[in-house]
Every structure is written in structure tokens, then in C-alpha cells.
$ cat target-v5.pdb   # PDB, C-alpha atoms and all ligand atoms
ATOM      1  CA  MET A 282     102.030  98.086  99.829
ATOM      2  CA  PRO A 283     105.101  97.033 101.866
ATOM      3  CA  SER A 284     105.688  99.513 104.635
ATOM      4  CA  SER A 285     108.919 101.251 105.641
ATOM      5  CA  ILE A 286     107.661 101.730 109.224
ATOM      6  CA  GLU A 287     110.190 100.035 111.491
ATOM      7  CA  TRP A 288     107.755  98.640 114.065
ATOM      8  CA  LEU A 289     105.879  96.739 111.366
ATOM      9  CA  TRP A 290     108.784  94.355 110.840
ATOM     10  CA  PRO A 291     109.051  91.991 113.826
ATOM     11  CA  PRO A 292     111.305  89.018 113.048
ATOM     12  CA  GLY A 293     109.606  86.639 110.638
ATOM     13  CA  PHE A 294     106.933  89.054 109.415
ATOM     14  CA  LYS A 295     106.562  91.320 106.431
ATOM     15  CA  GLY A 296     105.301  94.819 107.251
ATOM     16  CA  GLU A 297     102.386  96.113 105.228
ATOM     17  CA  SER A 298     100.035  99.094 105.071
ATOM     18  CA  TRP A 299      96.378  98.591 104.195
ATOM     19  CA  ASN A 300      94.226 101.671 103.755
ATOM     20  CA  PRO A 301      90.536 100.771 103.416
ATOM     21  CA  VAL A 302      89.831 104.387 104.449
ATOM     22  CA  THR A 303      91.548 107.545 103.177
ATOM     23  CA  GLY A 304      91.187 111.120 104.305
ATOM     24  CA  CYS A 305      91.114 112.483 107.837
ATOM     25  CA  GLU A 306      90.753 115.628 109.942
ATOM     26  CA  LYS A 307      93.162 117.099 112.420
ATOM     27  CA  ILE A 308      92.138 116.561 115.998
ATOM     28  CA  SER A 309      95.088 117.459 118.290
ATOM     29  CA  PRO A 310      98.576 119.055 118.183
ATOM     30  CA  GLY A 311     100.178 115.797 117.034
ATOM     31  CA  CYS A 312      98.274 116.172 113.751
ATOM     32  CA  ALA A 313      99.881 119.509 112.826
ATOM     33  CA  HIS A 314     102.291 117.937 110.355
ATOM     34  CA  CYS A 315     100.168 114.910 109.525
ATOM     35  CA  TYR A 316     102.056 112.259 107.562
ATOM     36  CA  ALA A 317      99.007 111.442 105.417
ATOM     37  CA  GLU A 318      98.576 115.072 104.494
ATOM     38  CA  LEU A 319     102.249 115.522 103.615
ATOM     39  CA  PHE A 320     102.125 112.366 101.535
ATOM     40  CA  ALA A 321      98.990 113.449  99.700
ATOM     41  CA  ARG A 322     100.519 116.839  98.938
ATOM     42  CA  ARG A 323     103.681 115.200  97.647
ATOM     43  CA  PHE A 324     101.943 112.564  95.540
ATOM     44  CA  PRO A 325      98.542 114.098  94.699
ATOM     45  CA  GLU A 326      98.264 112.009  91.570
ATOM     46  CA  SER A 327      98.684 108.692  93.347
ATOM     47  CA  ALA A 328      95.326 107.002  93.829
ATOM     48  CA  SER A 329      96.818 104.399  96.146
ATOM     49  CA  TYR A 330      97.665 106.880  98.877
ATOM     50  CA  SER A 331      95.280 109.480 100.195
ATOM     51  CA  PRO A 332      93.811 111.148  97.130
ATOM     52  CA  ASN A 333      90.931 112.695  98.986
ATOM     53  CA  TYR A 334      92.898 114.313 101.752
ATOM     54  CA  LEU A 335      92.406 118.015 101.160
ATOM     55  CA  PRO A 336      93.666 119.938 104.186
ATOM     56  CA  GLY A 337      90.850 121.882 105.776
ATOM     57  CA  THR A 338      88.247 120.213 103.596
ATOM     58  CA  ALA A 339      89.073 116.612 104.325
ATOM     59  CA  ARG A 340      86.934 114.112 102.540
ATOM     60  CA  ILE A 341      86.811 110.736 104.211
ATOM     61  CA  VAL A 342      86.336 107.863 101.773
ATOM     62  CA  SER A 343      85.630 104.234 102.638
ATOM     63  CA  HIS A 344      87.097 102.068  99.880
ATOM     64  CA  PHE A 345      84.924  98.990  99.516
ATOM     65  CA  ASP A 346      87.149  97.796  96.677
ATOM     66  CA  ARG A 347      90.126  97.456  99.064
ATOM     67  CA  LEU A 348      88.410  95.103 101.497
ATOM     68  CA  GLY A 349      89.554  92.000  99.625
ATOM     69  CA  LYS A 350      93.234  92.900  99.718
ATOM     70  CA  PRO A 351      94.349  91.008 102.885
ATOM     71  CA  SER A 352      92.856  87.758 101.550
ATOM     72  CA  SER A 353      95.171  88.019  98.536
ATOM     73  CA  TRP A 354      98.320  87.982 100.719
ATOM     74  CA  LYS A 355      99.232  84.343 101.164
ATOM     75  CA  ARG A 356     101.995  84.567 103.773
ATOM     76  CA  PRO A 357     101.427  86.074 107.249
ATOM     77  CA  ARG A 358     101.987  89.826 107.392
ATOM     78  CA  PHE A 359     102.048  92.507 110.048
ATOM     79  CA  VAL A 360      99.516  95.007 108.764
ATOM     80  CA  PHE A 361      99.063  98.666 109.733
ATOM     81  CA  VAL A 362      95.355  99.369 109.150
ATOM     82  CA  ASN A 363      94.832 102.911 107.866
ATOM     83  CA  SER A 364      98.280 104.455 108.000
ATOM     84  CA  GLN A 365      96.721 107.299 105.974
ATOM     85  CA  SER A 366      93.630 107.975 108.080
ATOM     86  CA  ASP A 367      91.781 107.014 111.262
ATOM     87  CA  LEU A 368      89.417 104.023 111.098
ATOM     88  CA  PHE A 369      87.362 105.465 113.958
ATOM     89  CA  HIS A 370      86.759 108.884 112.389
ATOM     90  CA  GLU A 371      83.103 109.847 112.873
ATOM     91  CA  SER A 372      82.514 109.773 109.103
ATOM     92  CA  VAL A 373      83.339 106.085 108.775
ATOM     93  CA  SER A 374      80.099 104.168 109.200
ATOM     94  CA  ASP A 375      79.590 101.509 111.862
ATOM     95  CA  GLN A 376      78.849  99.083 109.060
ATOM     96  CA  PHE A 377      82.097  99.773 107.206
ATOM     97  CA  ILE A 378      84.139  99.346 110.378
ATOM     98  CA  GLY A 379      82.288  96.036 110.766
ATOM     99  CA  GLN A 380      83.403  95.055 107.264
ATOM    100  CA  VAL A 381      87.020  95.879 108.109
ATOM    101  CA  PHE A 382      86.851  93.706 111.242
ATOM    102  CA  ALA A 383      85.129  90.912 109.303
ATOM    103  CA  THR A 384      87.968  91.059 106.764
ATOM    104  CA  MET A 385      90.555  90.827 109.537
ATOM    105  CA  TRP A 386      88.767  87.851 111.063
ATOM    106  CA  LEU A 387      88.549  86.079 107.715
ATOM    107  CA  ALA A 388      92.213  86.694 106.778
ATOM    108  CA  ARG A 389      93.480  85.835 110.246
ATOM    109  CA  ARG A 390      96.866  84.562 109.147
ATOM    110  CA  HIS A 391      97.844  88.243 109.373
ATOM    111  CA  THR A 392      98.285  90.409 112.475
ATOM    112  CA  TYR A 393      96.566  93.812 112.206
ATOM    113  CA  LEU A 394      97.454  96.990 114.071
ATOM    114  CA  ILE A 395      94.869  99.754 114.363
ATOM    115  CA  LEU A 396      96.057 103.092 115.681
ATOM    116  CA  THR A 397      93.570 105.834 116.517
ATOM    117  CA  LYS A 398      93.332 109.279 118.019
ATOM    118  CA  ARG A 399      89.610 108.680 118.494
ATOM    119  CA  PRO A 400      89.356 105.895 121.098
ATOM    120  CA  GLU A 401      85.980 107.268 122.272
ATOM    121  CA  ARG A 402      84.428 106.321 118.936
ATOM    122  CA  ALA A 403      86.099 102.919 119.131
ATOM    123  CA  TRP A 404      84.663 102.435 122.640
ATOM    124  CA  HIS A 405      81.140 103.229 121.438
ATOM    125  CA  TRP A 406      81.528 101.066 118.363
ATOM    126  CA  PHE A 407      82.598  98.041 120.405
ATOM    127  CA  ARG A 408      79.819  98.593 122.955
ATOM    128  CA  SER A 409      77.009  99.181 120.481
ATOM    129  CA  ALA A 410      77.221  98.329 116.791
ATOM    130  CA  GLY A 411      80.504  96.401 116.693
ATOM    131  CA  TRP A 412      79.762  92.733 117.032
ATOM    132  CA  LEU A 413      76.501  92.929 115.062
ATOM    133  CA  ALA A 414      78.209  94.910 112.291
ATOM    134  CA  VAL A 415      80.912  92.256 111.932
ATOM    135  CA  ASN A 416      78.376  89.431 111.810
ATOM    136  CA  ALA A 417      76.176  91.345 109.356
ATOM    137  CA  ALA A 418      79.195  91.806 107.083
ATOM    138  CA  LEU A 419      79.974  88.098 107.247
ATOM    139  CA  TYR A 420      76.333  87.218 106.577
ATOM    140  CA  ALA A 421      76.250  89.532 103.544
ATOM    141  CA  SER A 422      79.332  87.714 102.215
ATOM    142  CA  GLY A 423      77.491  84.408 102.456
ATOM    143  CA  ILE A 424      79.438  83.251 105.520
ATOM    144  CA  ARG A 425      77.254  81.681 108.153
ATOM    145  CA  VAL A 426      78.551  81.463 111.700
ATOM    146  CA  ILE A 427      76.607  80.740 114.842
ATOM    147  CA  PRO A 428      76.202  84.083 116.665
ATOM    148  CA  GLY A 429      78.284  83.873 119.826
ATOM    149  CA  GLY A 430      79.494  80.403 118.847
ATOM    150  CA  THR A 431      83.110  79.355 119.045
ATOM    151  CA  ASP A 432      83.410  79.214 115.248
ATOM    152  CA  GLY A 433      82.568  82.916 114.816
ATOM    153  CA  PRO A 434      84.299  86.190 115.686
ATOM    154  CA  ASN A 435      84.389  87.035 119.365
ATOM    155  CA  TRP A 436      86.092  89.853 121.222
ATOM    156  CA  PRO A 437      88.960  90.264 121.355
ATOM    157  CA  LEU A 438      89.956  89.075 117.893
ATOM    158  CA  ALA A 439      93.169  87.070 118.371
ATOM    159  CA  ASN A 440      94.993  88.818 115.528
ATOM    160  CA  VAL A 441      94.017  92.477 116.064
ATOM    161  CA  TRP A 442      96.063  94.909 118.143
ATOM    162  CA  LEU A 443      94.609  98.261 119.143
ATOM    163  CA  GLY A 444      96.590 101.408 119.867
ATOM    164  CA  VAL A 445      96.261 105.126 120.566
ATOM    165  CA  SER A 446      98.561 108.000 119.594
ATOM    166  CA  THR A 447      99.597 110.463 122.259
ATOM    167  CA  GLU A 448     101.871 113.447 121.872
ATOM    168  CA  ASN A 449     101.808 114.911 125.394
ATOM    169  CA  GLN A 450     100.507 114.254 128.903
ATOM    170  CA  ARG A 451      97.052 115.686 128.251
ATOM    171  CA  PHE A 452      96.277 113.267 125.448
ATOM    172  CA  ALA A 453      98.013 110.365 127.182
ATOM    173  CA  ASP A 454      95.717 110.892 130.190
ATOM    174  CA  GLN A 455      92.695 111.229 127.929
ATOM    175  CA  ARG A 456      93.262 108.408 125.424
ATOM    176  CA  ILE A 457      95.171 105.643 127.232
ATOM    177  CA  PRO A 458      92.470 104.902 129.873
ATOM    178  CA  ILE A 459      89.922 104.450 127.072
ATOM    179  CA  LEU A 460      92.311 102.204 125.135
ATOM    180  CA  LEU A 461      92.628 100.037 128.224
ATOM    181  CA  GLU A 462      88.872  99.443 128.179
ATOM    182  CA  LEU A 463      88.849  98.229 124.577
ATOM    183  CA  PRO A 464      88.858  94.490 123.856
ATOM    184  CA  ALA A 465      92.267  93.677 122.355
ATOM    185  CA  VAL A 466      94.897  90.957 122.681
ATOM    186  CA  VAL A 467      97.593  93.648 122.569
ATOM    187  CA  ARG A 468      97.115  97.321 123.448
ATOM    188  CA  PHE A 469      99.786  99.757 122.405
ATOM    189  CA  VAL A 470     100.652 103.429 122.659
ATOM    190  CA  SER A 471     102.337 105.389 119.889
ATOM    191  CA  TYR A 472     104.088 108.319 121.575
ATOM    192  CA  GLU A 473     104.793 110.037 118.285
ATOM    193  CA  PRO A 474     105.358 112.773 117.584
ATOM    194  CA  ALA A 475     106.762 113.099 121.099
ATOM    195  CA  LEU A 476     106.143 116.806 121.740
ATOM    196  CA  LYS A 477     106.347 116.943 125.529
ATOM    197  CA  PRO A 478     107.532 114.519 128.246
ATOM    198  CA  ILE A 479     104.966 111.959 129.425
ATOM    199  CA  ASP A 480     104.716 110.405 132.863
ATOM    200  CA  PHE A 481     103.200 106.933 132.301
ATOM    201  CA  SER A 482     102.940 106.057 135.995
ATOM    202  CA  LYS A 483      99.128 106.064 136.051
ATOM    203  CA  ALA A 484      98.899 104.241 132.720
ATOM    204  CA  PHE A 485     101.308 101.544 133.919
ATOM    205  CA  ASP A 486      99.673 101.075 137.320
ATOM    206  CA  PRO A 487      96.679  98.684 137.098
ATOM    207  CA  SER A 488      95.367  99.805 140.485
ATOM    208  CA  TRP A 489      94.140 103.034 138.860
ATOM    209  CA  ARG A 490      91.446 101.129 136.969
ATOM    210  CA  GLU A 491      88.771  98.607 137.581
ATOM    211  CA  ASN A 492      89.829  96.630 134.491
ATOM    212  CA  GLN A 493      93.434  96.275 135.770
ATOM    213  CA  ASN A 494      94.784  96.572 132.226
ATOM    214  CA  VAL A 495      98.071  98.240 131.281
ATOM    215  CA  PRO A 496      99.532  98.905 127.816
ATOM    216  CA  ASP A 497     101.589  96.046 126.360
ATOM    217  CA  TRP A 498     103.802  98.161 124.150
ATOM    218  CA  VAL A 499     104.995 101.759 123.768
ATOM    219  CA  ILE A 500     106.545 103.130 120.563
ATOM    220  CA  VAL A 501     108.415 106.441 120.792
ATOM    221  CA  GLY A 502     109.453 108.749 118.002
ATOM    222  CA  GLY A 503     110.416 112.363 117.434
ATOM    223  CA  GLU A 504     108.525 114.300 114.803
ATOM    224  CA  SER A 505     109.384 113.486 111.203
ATOM    225  CA  GLY A 506     106.924 115.858 109.524
ATOM    226  CA  GLY A 507     108.654 118.070 106.998
ATOM    227  CA  LYS A 508     110.769 121.160 107.499
ATOM    228  CA  LYS A 509     108.630 122.443 110.360
ATOM    229  CA  ALA A 510     109.075 119.332 112.512
ATOM    230  CA  ARG A 511     109.139 120.203 116.231
ATOM    231  CA  GLU A 512     111.688 119.151 118.833
ATOM    232  CA  CYS A 513     110.304 117.522 121.973
ATOM    233  CA  VAL A 514     110.298 119.850 124.983
ATOM    234  CA  GLY A 515     113.299 118.766 127.079
ATOM    235  CA  GLY A 516     114.809 116.912 124.116
ATOM    236  CA  ILE A 517     113.869 113.683 122.354
ATOM    237  CA  GLU A 518     116.750 111.764 123.917
ATOM    238  CA  GLU A 519     115.423 112.500 127.397
ATOM    239  CA  ALA A 520     111.848 111.635 126.381
ATOM    240  CA  MET A 521     113.029 108.286 125.015
ATOM    241  CA  ARG A 522     115.292 107.562 127.977
ATOM    242  CA  SER A 523     112.541 108.322 130.464
ATOM    243  CA  THR A 524     109.952 106.287 128.542
ATOM    244  CA  HIS A 525     112.321 103.341 128.239
ATOM    245  CA  ALA A 526     113.052 103.423 131.978
ATOM    246  CA  GLN A 527     109.329 103.574 132.777
ATOM    247  CA  CYS A 528     108.602 100.678 130.406
ATOM    248  CA  ARG A 529     111.399  98.569 131.815
ATOM    249  CA  ALA A 530     110.219  99.130 135.394
ATOM    250  CA  ALA A 531     106.655  98.173 134.439
ATOM    251  CA  GLY A 532     107.549  95.207 132.183
ATOM    252  CA  VAL A 533     106.122  96.949 129.107
ATOM    253  CA  ALA A 534     107.737  96.355 125.687
ATOM    254  CA  TYR A 535     109.510  99.451 124.336
ATOM    255  CA  PHE A 536     110.313 100.430 120.758
ATOM    256  CA  GLY A 537     112.503 103.439 119.899
ATOM    257  CA  LYS A 538     111.363 104.396 116.415
ATOM    258  CA  GLN A 539     113.209 107.549 115.448
ATOM    259  CA  MET A 540     114.796 110.663 116.894
ATOM    260  CA  GLY A 541     112.899 113.025 114.619
ATOM    261  CA  ARG A 542     113.995 115.557 112.060
ATOM    262  CA  PRO A 543     115.301 118.321 114.402
ATOM    263  CA  TRP A 544     117.601 115.830 116.195
ATOM    264  CA  ALA A 545     118.735 114.370 112.861
ATOM    265  CA  LYS A 546     119.612 117.801 111.551
ATOM    266  CA  GLU A 547     121.555 118.669 114.676
ATOM    267  CA  HIS A 548     123.480 115.365 114.583
ATOM    268  CA  GLY A 549     124.373 115.328 110.904
ATOM    269  CA  ASP A 550     121.903 112.566 110.106
ATOM    270  CA  LYS A 551     119.526 112.512 107.186
ATOM    271  CA  GLY A 552     115.754 112.234 107.229
ATOM    272  CA  LYS A 553     113.938 111.532 110.475
ATOM    273  CA  GLY A 554     116.795 110.133 112.565
ATOM    274  CA  GLU A 555     115.894 106.482 112.350
ATOM    275  CA  ASN A 556     119.454 105.130 112.048
ATOM    276  CA  MET A 557     119.969 103.542 115.459
ATOM    277  CA  GLN A 558     123.749 103.331 115.013
ATOM    278  CA  LEU A 559     123.897 107.105 115.470
ATOM    279  CA  TRP A 560     121.872 107.085 118.694
ATOM    280  CA  PRO A 561     123.280 107.004 122.228
ATOM    281  CA  GLU A 562     123.883 103.344 122.987
ATOM    282  CA  ASP A 563     121.373 103.086 125.832
ATOM    283  CA  LEU A 564     118.549 104.191 123.531
ATOM    284  CA  ARG A 565     119.055 101.502 120.886
ATOM    285  CA  VAL A 566     116.138  99.391 122.007
ATOM    286  CA  ARG A 567     113.465  97.928 119.765
ATOM    287  CA  GLU A 568     111.200  95.324 121.308
ATOM    288  CA  TRP A 569     107.822  93.859 120.425
ATOM    289  CA  PRO A 570     105.287  92.401 122.805
ATOM    290  CA  LYS A 571     104.853  88.647 122.670
ATOM    291  CA  ILE A 572     103.377  87.867 119.268
ATOM    292  CA  VAL A 573     100.753  85.178 119.133
ATOM    293  CA  ALA A 574     101.454  82.836 116.227
ATOM    294  CA  PRO A 575      99.148  83.665 113.330
ATOM    295  CA  VAL A 576      96.353  81.294 112.413
ATOM    296  CA  THR A 577      97.130  79.845 108.986
TER     297      THR A 577
HETATM  298  S1  LIG A 601      94.468 111.492 113.172
HETATM  299 FE1  LIG A 601      96.320 110.801 112.060
HETATM  300  S2  LIG A 601      95.715 110.718 109.902
HETATM  301 FE2  LIG A 601      94.179 111.948 110.999
HETATM  302  S3  LIG A 601      94.874 114.087 110.752
HETATM  303 FE3  LIG A 601      95.684 113.327 112.703
HETATM  304  S4  LIG A 601      97.737 112.561 112.199
HETATM  305 FE4  LIG A 601      96.601 112.757 110.264
END

$ encode --input "target-v5.pdb" --output "C-alpha cells"
Amino acid sequence: MPSSIEWLWPPGFKGESWNPVTGCEKISPGCAHCYAELFARRFPESASYSPNYLPGTARIVSHFDRLGKPSSWKRPRFVFVNSQSDLFHESVSDQFIGQVFATMWLARRHTYLILTKRPERAWHWFRSAGWLAVNAALYASGIRVIPGGTDGPNWPLANVWLGVSTENQRFADQRIPILLELPAVVRFVSYEPALKPIDFSKAFDPSWRENQNVPDWVIVGGESGGKKARECVGGIEEAMRSTHAQCRAAGVAYFGKQMGRPWAKEHGDKGKGENMQLWPEDLRVREWPKIVAPVT
């Protein structure tokens, strides 16, 4: 379904959500007011959202019947993979993740964005089962490619971006270094919900790692989640201003998504504070990293 998420609409693309997996489990403080959970509570009858998300007794479901969806979209789209779950949850099998990647390789006119709070699982998947699982999925679909050949899928896939969510310094320090080891054409960080200030100096300095990688893109947003949404310690404006300054100094693309519900309430705005016209002028910045033209 078309997405209302602002960062899924770079010029010339249509933003889309594709949920081959539904259901999840909370893993860190950023999950407290999980969007998927709120959505499932609000629309429990809707089978297209997250029907199996039962807080506390989450049931993770891999939807084989949704794997064909991207092939049915004719024009290039910018696709958020699993906006209602986490593809790298332990309950999603290596084989199913392989099928998702095979789908993305086959429908490569689209650009796919995978966001996880479980980069460790992603790391293990890429190092162990990953490539074989993708090729097995292609083989099962009757598609023959030469293993390791130039006509088959190779890491990184040219149309798949990988990202991690971080809500504070602890999880930034834990998740970003793993992200930077994953094979991806674009690596991004979703600093949402921004709960505490983050110093990105280590993340943005390649000399801290053997691989010399740094994130290509940082998205920042205050918490949107319902009436109990939390304000960022020190204020969301300061968190955004500091992140923008750090990104600019490091040459990293920056995207200000929303101020969050507490800020919106305080400033007479509705919803989650996504109307940029109401923001301080210096914070009205929405950039994307360089987008490789899709393969059509
Ligand atoms: S990882 Fe994402 S989808 Fe899963 S519980 Fe946390 S916020 Fe919700």
C-alpha cells in the first residue's frame, strides 16, 4: 500500500510499504510505543496490516502469498520492507529471508529499504545462510543463474538499502558498527524515536573501523506513538540540530522527519509534528543519499 512515511518519497519515486512478515517483539526502549502494535490495536480487523501482533504474545508470520507483490508494481517504487515487523527477527527463517532477497533481486526496478533493530541476526544471515538461501529460492522458482556469475545476485544488491534504528547512545554504539559491516549500497540510521541525544562522532569516523565505512544517511524523528509519546531528553529541536550539524560536517545526508507528538502539542500542531513549515527554519532539511537509477 502507498506509504505516508516522508522519507519514502524521494523526487520521482512512489513510496510503498511491503510487509512479507507481520508480528514482532519488543527489544529496546524505542519499541515501547511500537507503531505496528498501535496500528494493530487500532485496526485489528484489517488483515493487510499486522493481524498477528498480540502484545506480549507476538506471533511472527511469514506471508508467502505476499512475495509476488513487488513484481506486480510496474513503475519504480521506493519500498519500505516490513514497516510492521523486523525481517531479521529470530523467528523468520533463513530460507524466508532468502526468498525476500530473491524477490528484491528479481523486481529490481524498485529500491528497497530494510530497517532492523536486530543487525546481529542480519550479520549472521549474510555470513552464513544468505547467499545460498537467495539462490535456493531462485532455483525453486525455476530461475537458473550461474552461482557467483555476473548474471546472478551478488552482494551488495544494487537496489537494497540496509538500516538500523537507534533511540539513544547505547543502541547507536551497539547497532551502527554492525550495520557498517553489512553488505549494502546504502547504509542508513533511523534515529527515531529520538529519546536521548546521540554523539555520532565514532560512527562518522572511518578510522574507528577496519572496514572504513560510515553511514550514508541519518533520519531523525521525535516519538509519534500515541498519547504516551516521550519527549527527547534535552529537546527534539536540539537533537535534530546537533544531528544535522554532525551530518553536515561528515558529509552524511540528513532527513528531518518529524518533531514528535510532545513537541506538536506544545506548538499547537496536530499529530506527530511533521509539518516542516512550523519548524525552526534551520531544521527544515530533508535530503536523500545519492540514489542509483533503478534497473528497469
Ligand atoms: S522492532 Fe520495530 S516492529 Fe518490532 S517491536 Fe520494536 S518497534 Fe515494533

$ resolve_selection --input "target-v5.pdb" --expression "the PyMOL selection byres (((chain A and resi 424-440) around 6) and not hetatm)" --output "list of chain:residue names"
A:Thr392, A:Leu419, A:Tyr420, A:Ser422, A:Gly423, A:Val441, A:Pro464, A:Ala465

$ residues_near_ligand --input "target-v5.pdb" --ligand "ligand LIG 601 (chain A)" --cutoff "10 Å" --atoms "all atoms listed in the file" --output "VMD selection string"
chain A and resid 303 to 319 331 334 336 339 363 to 370 396 to 399 445 to 446 473 to 474

$ residues_around --input "target-v5.pdb" --residues "Ser523 of chain A" --least-positions-apart "6" --cutoff "9 Å" --atoms "only C-alpha atoms" --output "list of chain:residue names"
A:Pro478, A:Ile479, A:Asp480

$ residues_around --input "target-v5.pdb" --residues "Met385 of chain A" --least-positions-apart "4" --cutoff "8 Å" --atoms "only C-alpha atoms" --output "mmCIF file with C-alpha atoms, in the frame of the given file"
data_model
loop_
_atom_site.group_PDB
_atom_site.id
_atom_site.type_symbol
_atom_site.label_atom_id
_atom_site.label_comp_id
_atom_site.auth_asym_id
_atom_site.auth_seq_id
_atom_site.Cartn_x
_atom_site.Cartn_y
_atom_site.Cartn_z
ATOM 1 C CA PRO A 351 94.349 91.008 102.885
ATOM 2 C CA VAL A 381 87.020 95.879 108.109
ATOM 3 C CA ARG A 389 93.480 85.835 110.246
ATOM 4 C CA HIS A 391 97.844 88.243 109.373
ATOM 5 C CA TYR A 393 96.566 93.812 112.206
ATOM 6 C CA ASN A 440 94.993 88.818 115.528
ATOM 7 C CA VAL A 441 94.017 92.477 116.064
#

$ resolve_selection --input "target-v5.pdb" --expression "the PyMOL selection byres (((chain A and resi 414) around 9) and not hetatm)" --output "VMD selection string"
chain A and resid 375 to 380 382 to 383 410 to 413 415 to 419

$ resolve_selection --input "target-v5.pdb" --expression "the PyMOL selection byres (((chain A and resi 284-294) around 12) and not hetatm)" --output "number ranges by chain"
A: 282-283, 295-300, 356-365, 390-395, 469, 471, 498-502, 534-539, 553, 555-557, 566-575

$ atom_distance --input "target-v5.pdb" --atom1 "atom CA of Glu562 of chain A" --atom2 "atom CA of Asp497 of chain A"
23.7 Å

$ atom_distance --input "target-v5.pdb" --atom1 "atom CA of Ser374 of chain A" --atom2 "atom CA of Trp442 of chain A"
20.5 Å

$ axis_aligned_box --input "target-v5.pdb" --around "segment 437-448 of chain A" --padding-each-side "3 Å" --output "AutoDock Vina command-line options"
--center_x 95.4 --center_y 100.3 --center_z 118.9 --size_x 18.9 --size_y 32.4 --size_z 12.7

$ closest_residue --input "target-v5.pdb" --among "A:Ala388, A:Leu463, A:Ser482, A:Glu519" --to "Lys355 of chain A" --atoms "all atoms listed in the file"
A:Ala388

$ atom_distance --input "target-v5.pdb" --atom1 "atom CA of His525 of chain A" --atom2 "atom CA of Asp563 of chain A"
9.4 Å

$ residues_around --input "target-v5.pdb" --residues "Arg347 of chain A" --least-positions-apart "3" --cutoff "6 Å" --atoms "only C-alpha atoms" --output "number ranges by chain"
A: 301, 344, 350

$ closest_residue --input "target-v5.pdb" --among "A:Ile517, A:Val373, A:Ala530, A:Ile457" --to "Glu547 of chain A" --atoms "all atoms listed in the file"
A:Ile517

$ closest_residue --input "target-v5.pdb" --among "A:Arg565, A:Arg529, A:Val342, A:Ser505" --to "Gly552 of chain A" --atoms "only C-alpha atoms"
A:Ser505

$ residues_around --input "target-v5.pdb" --residues "Pro496 of chain A" --least-positions-apart "6" --cutoff "8 Å" --atoms "only C-alpha atoms" --output "MDAnalysis selection string"
chainID A and resid 461 467:470 484:485 533

$ closest_residue --input "target-v5.pdb" --among "A:Ile341, A:Val302, A:Leu476, A:Met521" --to "Glu448 of chain A" --atoms "only C-alpha atoms"
A:Leu476

$ closest_residue --input "target-v5.pdb" --among "A:Ala475, A:Phe320, A:Pro458, A:Asn492" --to "Gly507 of chain A" --atoms "only C-alpha atoms"
A:Phe320
